[in-house]
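Heads up, the thing below is written out as C-alpha cells.
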Amino acid sequence: QVKLVESGGDLVQPGGSLTLSCAASGTTLDDYYAIAWFRQAPGKVREAVSCINRDDPNTYYADSVKGRFTISRDNARKKVFLQMNSLKHEDTAVYYCAADSRGVGASWSWEGGYDSWGQGIQVTVSS
C-alpha cells in the first residue's frame, strides 16, 4: 500500500468553490487502476463522490454532485484533483482519497474495491 495525502480542504461559503488534491507519496498514480473520492458527513455513512480510472476516459460521479464537481488528474499523473463548485451546506464532510491497485473491476462506488486510503481532509461549507 502506498500513502495517499489529501490537501486543499477549507471553510468556504455556500456557492463557493474549492479544489482538493490527492497525491501518492513517493510514486505516481499510474500504478493504480482507479482513484476515487469518498466523503463522510457527521453522523452519516461514508459515500462515494467521484472516480477516475487509469485506462478509461470516463469519469464517474454521485448524483448529488453531478454538474458541480469535476475530477481530473495532472499530466504527470502525480495528482488527482476534485474541483468542487456551487458548494452546499450538505457538502460538508471529511473527504477521502482512495486508490485501487488491484484492478478489482467492481463498481466504482464500492469501498471494498480500494486498498489504499488517505487520512481524510475536512471541507466545511458554512456562512
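As shown in the C-alpha cells, the chain order sets the letters A, B, ...; within each chain, residues go from 1, and ligands are also counted from 1 in the order they appear.
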
If you run DSSP on this backbone, which residues of range 43-109 of chain A come out as strand (DSSP E or B), and could you give them as an MDAnalysis selection string? chainID A and resid 47:53 59:61 69:73 79:84 93:100

Test item: residues at most 12 Å from Gly120 in chain A, only C-alpha atoms, excluding those fewer than 3 positions along its chain, as a ChimeraX atom specification: /A:3-9,20-22,37-41,46,93-98,116-117,123

Please identify all polymer residues within 9 Å of Ser127 in chain A, counting only C-alpha atoms, omitting same-chain residues fewer than 6 positions from it, and present them as number ranges by chain. A: 12-14, 89

For the selection just defined, write its residues with all heavy atoms to a file, as a PDB file, in the first residue's frame.
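The resulting file, part21.pdb, is reproduced below:
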```pdb
ATOM      1  N   VAL A  12     -15.565  27.217   3.435  1.00  0.00           N
ATOM      2  CA  VAL A  12     -15.987  28.006   2.278  1.00  0.00           C
ATOM      3  C   VAL A  12     -17.472  28.329   2.418  1.00  0.00           C
ATOM      4  O   VAL A  12     -18.229  27.566   3.029  1.00  0.00           O
ATOM      5  CB  VAL A  12     -15.688  27.237   0.967  1.00  0.00           C
ATOM      6  CG1 VAL A  12     -16.473  25.937   0.903  1.00  0.00           C
ATOM      7  CG2 VAL A  12     -15.942  28.093  -0.257  1.00  0.00           C
ATOM      8  N   GLN A  13     -17.869  29.441   1.866  1.00  0.00           N
ATOM      9  CA  GLN A  13     -19.261  29.851   1.938  1.00  0.00           C
ATOM     10  C   GLN A  13     -20.106  29.086   0.924  1.00  0.00           C
ATOM     11  O   GLN A  13     -19.593  28.644  -0.117  1.00  0.00           O
ATOM     12  CB  GLN A  13     -19.383  31.352   1.669  1.00  0.00           C
ATOM     13  CG  GLN A  13     -18.793  32.211   2.774  1.00  0.00           C
ATOM     14  CD  GLN A  13     -19.089  33.679   2.564  1.00  0.00           C
ATOM     15  OE1 GLN A  13     -19.444  34.117   1.473  1.00  0.00           O
ATOM     16  NE2 GLN A  13     -18.945  34.467   3.617  1.00  0.00           N
ATOM     17  N   PRO A  14     -21.380  28.935   1.185  1.00  0.00           N
ATOM     18  CA  PRO A  14     -22.262  28.299   0.200  1.00  0.00           C
ATOM     19  C   PRO A  14     -22.172  29.016  -1.139  1.00  0.00           C
ATOM     20  O   PRO A  14     -22.112  30.263  -1.193  1.00  0.00           O
ATOM     21  CB  PRO A  14     -23.650  28.472   0.827  1.00  0.00           C
ATOM     22  CG  PRO A  14     -23.396  28.568   2.285  1.00  0.00           C
ATOM     23  CD  PRO A  14     -22.095  29.275   2.431  1.00  0.00           C
ATOM     24  N   HIS A  89     -24.298  23.419   1.842  1.00  0.00           N
ATOM     25  CA  HIS A  89     -24.089  23.007   3.239  1.00  0.00           C
ATOM     26  C   HIS A  89     -23.913  21.495   3.335  1.00  0.00           C
ATOM     27  O   HIS A  89     -23.080  21.004   4.086  1.00  0.00           O
ATOM     28  CB  HIS A  89     -25.271  23.443   4.097  1.00  0.00           C
ATOM     29  CG  HIS A  89     -25.357  24.905   4.326  1.00  0.00           C
ATOM     30  ND1 HIS A  89     -24.453  25.590   5.129  1.00  0.00           N
ATOM     31  CD2 HIS A  89     -26.222  25.826   3.865  1.00  0.00           C
ATOM     32  CE1 HIS A  89     -24.780  26.867   5.153  1.00  0.00           C
ATOM     33  NE2 HIS A  89     -25.848  27.046   4.394  1.00  0.00           N
TER      34      HIS A  89
END
```

Residues at most 12 Å from Val2 in chain A, counting only C-alpha atoms, excluding those fewer than 6 positions away in the same chain, as an mmCIF file with N, CA and C atoms, in the first residue's frame?
```cif
data_model
loop_
_atom_site.group_PDB
_atom_site.id
_atom_site.type_symbol
_atom_site.label_atom_id
_atom_site.label_comp_id
_atom_site.auth_asym_id
_atom_site.auth_seq_id
_atom_site.Cartn_x
_atom_site.Cartn_y
_atom_site.Cartn_z
ATOM 1 N N ALA A 23 -2.383 13.114 -3.655
ATOM 2 C CA ALA A 23 -1.079 12.726 -4.178
ATOM 3 C C ALA A 23 -0.639 11.427 -3.514
ATOM 4 N N ALA A 24 0.110 10.631 -4.259
ATOM 5 C CA ALA A 24 0.665 9.397 -3.717
ATOM 6 C C ALA A 24 2.105 9.669 -3.304
ATOM 7 N N SER A 25 2.381 9.405 -2.062
ATOM 8 C CA SER A 25 3.707 9.694 -1.542
ATOM 9 C C SER A 25 4.755 8.775 -2.155
ATOM 10 N N GLY A 26 5.747 9.378 -2.822
ATOM 11 C CA GLY A 26 6.862 8.605 -3.329
ATOM 12 C C GLY A 26 6.649 7.894 -4.641
ATOM 13 N N THR A 27 5.504 8.092 -5.273
ATOM 14 C CA THR A 27 5.263 7.403 -6.534
ATOM 15 C C THR A 27 4.252 8.198 -7.345
ATOM 16 N N THR A 28 3.955 7.724 -8.543
ATOM 17 C CA THR A 28 2.903 8.359 -9.324
ATOM 18 C C THR A 28 1.620 7.556 -9.161
ATOM 19 N N LEU A 29 0.565 8.135 -9.618
ATOM 20 C CA LEU A 29 -0.721 7.474 -9.514
ATOM 21 C C LEU A 29 -0.960 6.509 -10.678
ATOM 22 N N ASP A 31 0.323 3.759 -11.060
ATOM 23 C CA ASP A 31 0.337 2.390 -10.553
ATOM 24 C C ASP A 31 -1.058 1.914 -10.171
ATOM 25 N N TYR A 32 -2.030 2.795 -10.209
ATOM 26 C CA TYR A 32 -3.366 2.492 -9.707
ATOM 27 C C TYR A 32 -4.389 2.457 -10.835
ATOM 28 N N CYS A 97 -9.392 10.374 -0.185
ATOM 29 C CA CYS A 97 -8.887 9.877 -1.450
ATOM 30 C C CYS A 97 -8.640 8.377 -1.296
ATOM 31 N N ALA A 98 -9.007 7.603 -2.318
ATOM 32 C CA ALA A 98 -8.828 6.158 -2.254
ATOM 33 C C ALA A 98 -8.276 5.652 -3.582
ATOM 34 N N ALA A 99 -7.464 4.610 -3.524
ATOM 35 C CA ALA A 99 -6.832 4.075 -4.736
ATOM 36 C C ALA A 99 -7.010 2.567 -4.834
ATOM 37 N N ASP A 100 -7.195 2.106 -6.053
ATOM 38 C CA ASP A 100 -7.329 0.678 -6.345
ATOM 39 C C ASP A 100 -6.076 0.209 -7.066
ATOM 40 N N SER A 101 -5.262 -0.591 -6.413
ATOM 41 C CA SER A 101 -4.030 -1.089 -7.028
ATOM 42 C C SER A 101 -4.188 -2.501 -7.570
ATOM 43 N N TYR A 114 -11.119 -0.520 -3.102
ATOM 44 C CA TYR A 114 -9.954 0.359 -2.917
ATOM 45 C C TYR A 114 -9.114 -0.149 -1.759
ATOM 46 N N ASP A 115 -7.809 -0.221 -1.970
ATOM 47 C CA ASP A 115 -6.946 -0.798 -0.947
ATOM 48 C C ASP A 115 -5.995 0.202 -0.317
ATOM 49 N N SER A 116 -6.027 1.439 -0.789
ATOM 50 C CA SER A 116 -5.230 2.482 -0.136
ATOM 51 C C SER A 116 -6.125 3.676 0.112
ATOM 52 N N TRP A 117 -5.988 4.246 1.289
ATOM 53 C CA TRP A 117 -6.840 5.376 1.671
ATOM 54 C C TRP A 117 -5.986 6.474 2.286
ATOM 55 N N GLY A 118 -6.388 7.711 2.028
ATOM 56 C CA GLY A 118 -5.768 8.837 2.699
ATOM 57 C C GLY A 118 -6.380 9.026 4.081
#
```

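If you measure from each of A:Leu11, A:Met84, A:Leu18, A:Val104 to Asn53 in chain A using only C-alpha atoms, the closest one turns out to be A:Val104.
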
Have a look at A:Thr124, A:Thr19, A:Gln83, A:Ser109 and name the one nearest to Ala48 in chain A; count only C-alpha atoms.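 Closest to Ala48 in chain A, using only C-alpha atoms: A:Ser109.
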
I'd like the neighbourhood of range 62-71 of chain A as a PDB file with all heavy atoms, in the first residue's frame, where a residue qualifies if any of its atoms comes within 8 Å (using only C-alpha atoms), though same-chain residues fewer than 6 positions away should be ignored.
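Final output, part_3.pdb:
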```pdb
ATOM      1  N   ALA A  48     -19.455   7.409  -1.799  1.00  0.00           N
ATOM      2  CA  ALA A  48     -18.595   7.674  -2.946  1.00  0.00           C
ATOM      3  C   ALA A  48     -19.003   8.987  -3.595  1.00  0.00           C
ATOM      4  O   ALA A  48     -20.187   9.294  -3.718  1.00  0.00           O
ATOM      5  CB  ALA A  48     -18.696   6.535  -3.943  1.00  0.00           C
ATOM      6  N   VAL A  49     -18.024   9.746  -4.018  1.00  0.00           N
ATOM      7  CA  VAL A  49     -18.267  11.045  -4.648  1.00  0.00           C
ATOM      8  C   VAL A  49     -17.920  11.013  -6.133  1.00  0.00           C
ATOM      9  O   VAL A  49     -18.717  11.417  -6.977  1.00  0.00           O
ATOM     10  CB  VAL A  49     -17.456  12.141  -3.951  1.00  0.00           C
ATOM     11  CG1 VAL A  49     -17.616  13.474  -4.670  1.00  0.00           C
ATOM     12  CG2 VAL A  49     -17.855  12.261  -2.483  1.00  0.00           C
ATOM     13  N   SER A  50     -16.724  10.527  -6.453  1.00  0.00           N
ATOM     14  CA  SER A  50     -16.276  10.566  -7.842  1.00  0.00           C
ATOM     15  C   SER A  50     -15.115   9.608  -8.028  1.00  0.00           C
ATOM     16  O   SER A  50     -14.446   9.223  -7.069  1.00  0.00           O
ATOM     17  CB  SER A  50     -15.855  11.994  -8.213  1.00  0.00           C
ATOM     18  OG  SER A  50     -15.499  12.071  -9.570  1.00  0.00           O
ATOM     19  N   CYS A  51     -14.881   9.247  -9.304  1.00  0.00           N
ATOM     20  CA  CYS A  51     -13.802   8.292  -9.606  1.00  0.00           C
ATOM     21  C   CYS A  51     -13.231   8.582 -10.982  1.00  0.00           C
ATOM     22  O   CYS A  51     -13.962   8.977 -11.904  1.00  0.00           O
ATOM     23  CB  CYS A  51     -14.339   6.874  -9.550  1.00  0.00           C
ATOM     24  SG  CYS A  51     -13.158   5.599 -10.020  1.00  0.00           S
ATOM     25  N   ILE A  52     -11.931   8.370 -11.109  1.00  0.00           N
ATOM     26  CA  ILE A  52     -11.269   8.461 -12.401  1.00  0.00           C
ATOM     27  C   ILE A  52     -10.401   7.221 -12.553  1.00  0.00           C
ATOM     28  O   ILE A  52      -9.684   6.828 -11.635  1.00  0.00           O
ATOM     29  CB  ILE A  52     -10.449   9.769 -12.510  1.00  0.00           C
ATOM     30  CG1 ILE A  52      -9.892   9.942 -13.917  1.00  0.00           C
ATOM     31  CG2 ILE A  52      -9.327   9.817 -11.476  1.00  0.00           C
ATOM     32  CD1 ILE A  52      -9.372  11.354 -14.188  1.00  0.00           C
ATOM     33  N   VAL A  80      -4.404  13.755  -8.366  1.00  0.00           N
ATOM     34  CA  VAL A  80      -5.786  13.770  -8.823  1.00  0.00           C
ATOM     35  C   VAL A  80      -6.485  14.899  -8.090  1.00  0.00           C
ATOM     36  O   VAL A  80      -6.266  15.096  -6.893  1.00  0.00           O
ATOM     37  CB  VAL A  80      -6.481  12.418  -8.546  1.00  0.00           C
ATOM     38  CG1 VAL A  80      -7.981  12.534  -8.747  1.00  0.00           C
ATOM     39  CG2 VAL A  80      -5.909  11.350  -9.466  1.00  0.00           C
ATOM     40  N   PHE A  81      -7.306  15.627  -8.821  1.00  0.00           N
ATOM     41  CA  PHE A  81      -7.977  16.794  -8.264  1.00  0.00           C
ATOM     42  C   PHE A  81      -9.483  16.578  -8.229  1.00  0.00           C
ATOM     43  O   PHE A  81     -10.043  15.877  -9.070  1.00  0.00           O
ATOM     44  CB  PHE A  81      -7.671  18.030  -9.111  1.00  0.00           C
ATOM     45  CG  PHE A  81      -6.209  18.293  -9.288  1.00  0.00           C
ATOM     46  CD1 PHE A  81      -5.562  17.925 -10.463  1.00  0.00           C
ATOM     47  CD2 PHE A  81      -5.469  18.901  -8.286  1.00  0.00           C
ATOM     48  CE1 PHE A  81      -4.209  18.171 -10.636  1.00  0.00           C
ATOM     49  CE2 PHE A  81      -4.120  19.144  -8.447  1.00  0.00           C
ATOM     50  CZ  PHE A  81      -3.487  18.768  -9.620  1.00  0.00           C
ATOM     51  N   LEU A  82     -10.113  17.229  -7.280  1.00  0.00           N
ATOM     52  CA  LEU A  82     -11.566  17.280  -7.238  1.00  0.00           C
ATOM     53  C   LEU A  82     -11.955  18.753  -7.154  1.00  0.00           C
ATOM     54  O   LEU A  82     -11.803  19.381  -6.103  1.00  0.00           O
ATOM     55  CB  LEU A  82     -12.133  16.506  -6.050  1.00  0.00           C
ATOM     56  CG  LEU A  82     -13.654  16.419  -6.007  1.00  0.00           C
ATOM     57  CD1 LEU A  82     -14.159  15.543  -7.165  1.00  0.00           C
ATOM     58  CD2 LEU A  82     -14.141  15.859  -4.685  1.00  0.00           C
ATOM     59  N   GLN A  83     -12.389  19.281  -8.287  1.00  0.00           N
ATOM     60  CA  GLN A  83     -12.850  20.662  -8.337  1.00  0.00           C
ATOM     61  C   GLN A  83     -14.301  20.687  -7.904  1.00  0.00           C
ATOM     62  O   GLN A  83     -15.147  20.019  -8.522  1.00  0.00           O
ATOM     63  CB  GLN A  83     -12.698  21.217  -9.761  1.00  0.00           C
ATOM     64  CG  GLN A  83     -13.318  22.595  -9.963  1.00  0.00           C
ATOM     65  CD  GLN A  83     -12.573  23.690  -9.244  1.00  0.00           C
ATOM     66  OE1 GLN A  83     -11.350  23.707  -9.231  1.00  0.00           O
ATOM     67  NE2 GLN A  83     -13.317  24.610  -8.621  1.00  0.00           N
ATOM     68  N   MET A  84     -14.593  21.444  -6.871  1.00  0.00           N
ATOM     69  CA  MET A  84     -15.940  21.487  -6.314  1.00  0.00           C
ATOM     70  C   MET A  84     -16.490  22.900  -6.454  1.00  0.00           C
ATOM     71  O   MET A  84     -15.929  23.842  -5.888  1.00  0.00           O
ATOM     72  CB  MET A  84     -15.916  21.056  -4.844  1.00  0.00           C
ATOM     73  CG  MET A  84     -15.262  19.694  -4.608  1.00  0.00           C
ATOM     74  SD  MET A  84     -15.358  19.130  -2.905  1.00  0.00           S
ATOM     75  CE  MET A  84     -14.300  20.329  -2.096  1.00  0.00           C
ATOM     76  N   ASN A  85     -17.555  23.029  -7.214  1.00  0.00           N
ATOM     77  CA  ASN A  85     -18.195  24.324  -7.433  1.00  0.00           C
ATOM     78  C   ASN A  85     -19.599  24.320  -6.846  1.00  0.00           C
ATOM     79  O   ASN A  85     -20.162  23.269  -6.568  1.00  0.00           O
ATOM     80  CB  ASN A  85     -18.268  24.627  -8.929  1.00  0.00           C
ATOM     81  CG  ASN A  85     -16.900  24.750  -9.569  1.00  0.00           C
ATOM     82  OD1 ASN A  85     -15.937  25.200  -8.952  1.00  0.00           O
ATOM     83  ND2 ASN A  85     -16.804  24.329 -10.830  1.00  0.00           N
ATOM     84  N   SER A  86     -20.148  25.503  -6.702  1.00  0.00           N
ATOM     85  CA  SER A  86     -21.526  25.656  -6.193  1.00  0.00           C
ATOM     86  C   SER A  86     -21.731  24.823  -4.936  1.00  0.00           C
ATOM     87  O   SER A  86     -22.705  24.084  -4.807  1.00  0.00           O
ATOM     88  CB  SER A  86     -22.536  25.236  -7.268  1.00  0.00           C
ATOM     89  OG  SER A  86     -22.359  26.002  -8.435  1.00  0.00           O
ATOM     90  N   LEU A  87     -20.815  24.963  -4.019  1.00  0.00           N
ATOM     91  CA  LEU A  87     -20.844  24.143  -2.811  1.00  0.00           C
ATOM     92  C   LEU A  87     -22.072  24.446  -1.963  1.00  0.00           C
ATOM     93  O   LEU A  87     -22.532  25.591  -1.881  1.00  0.00           O
ATOM     94  CB  LEU A  87     -19.567  24.347  -2.002  1.00  0.00           C
ATOM     95  CG  LEU A  87     -18.351  23.606  -2.587  1.00  0.00           C
ATOM     96  CD1 LEU A  87     -17.053  24.166  -2.035  1.00  0.00           C
ATOM     97  CD2 LEU A  87     -18.457  22.123  -2.284  1.00  0.00           C
TER      98      LEU A  87
END
```
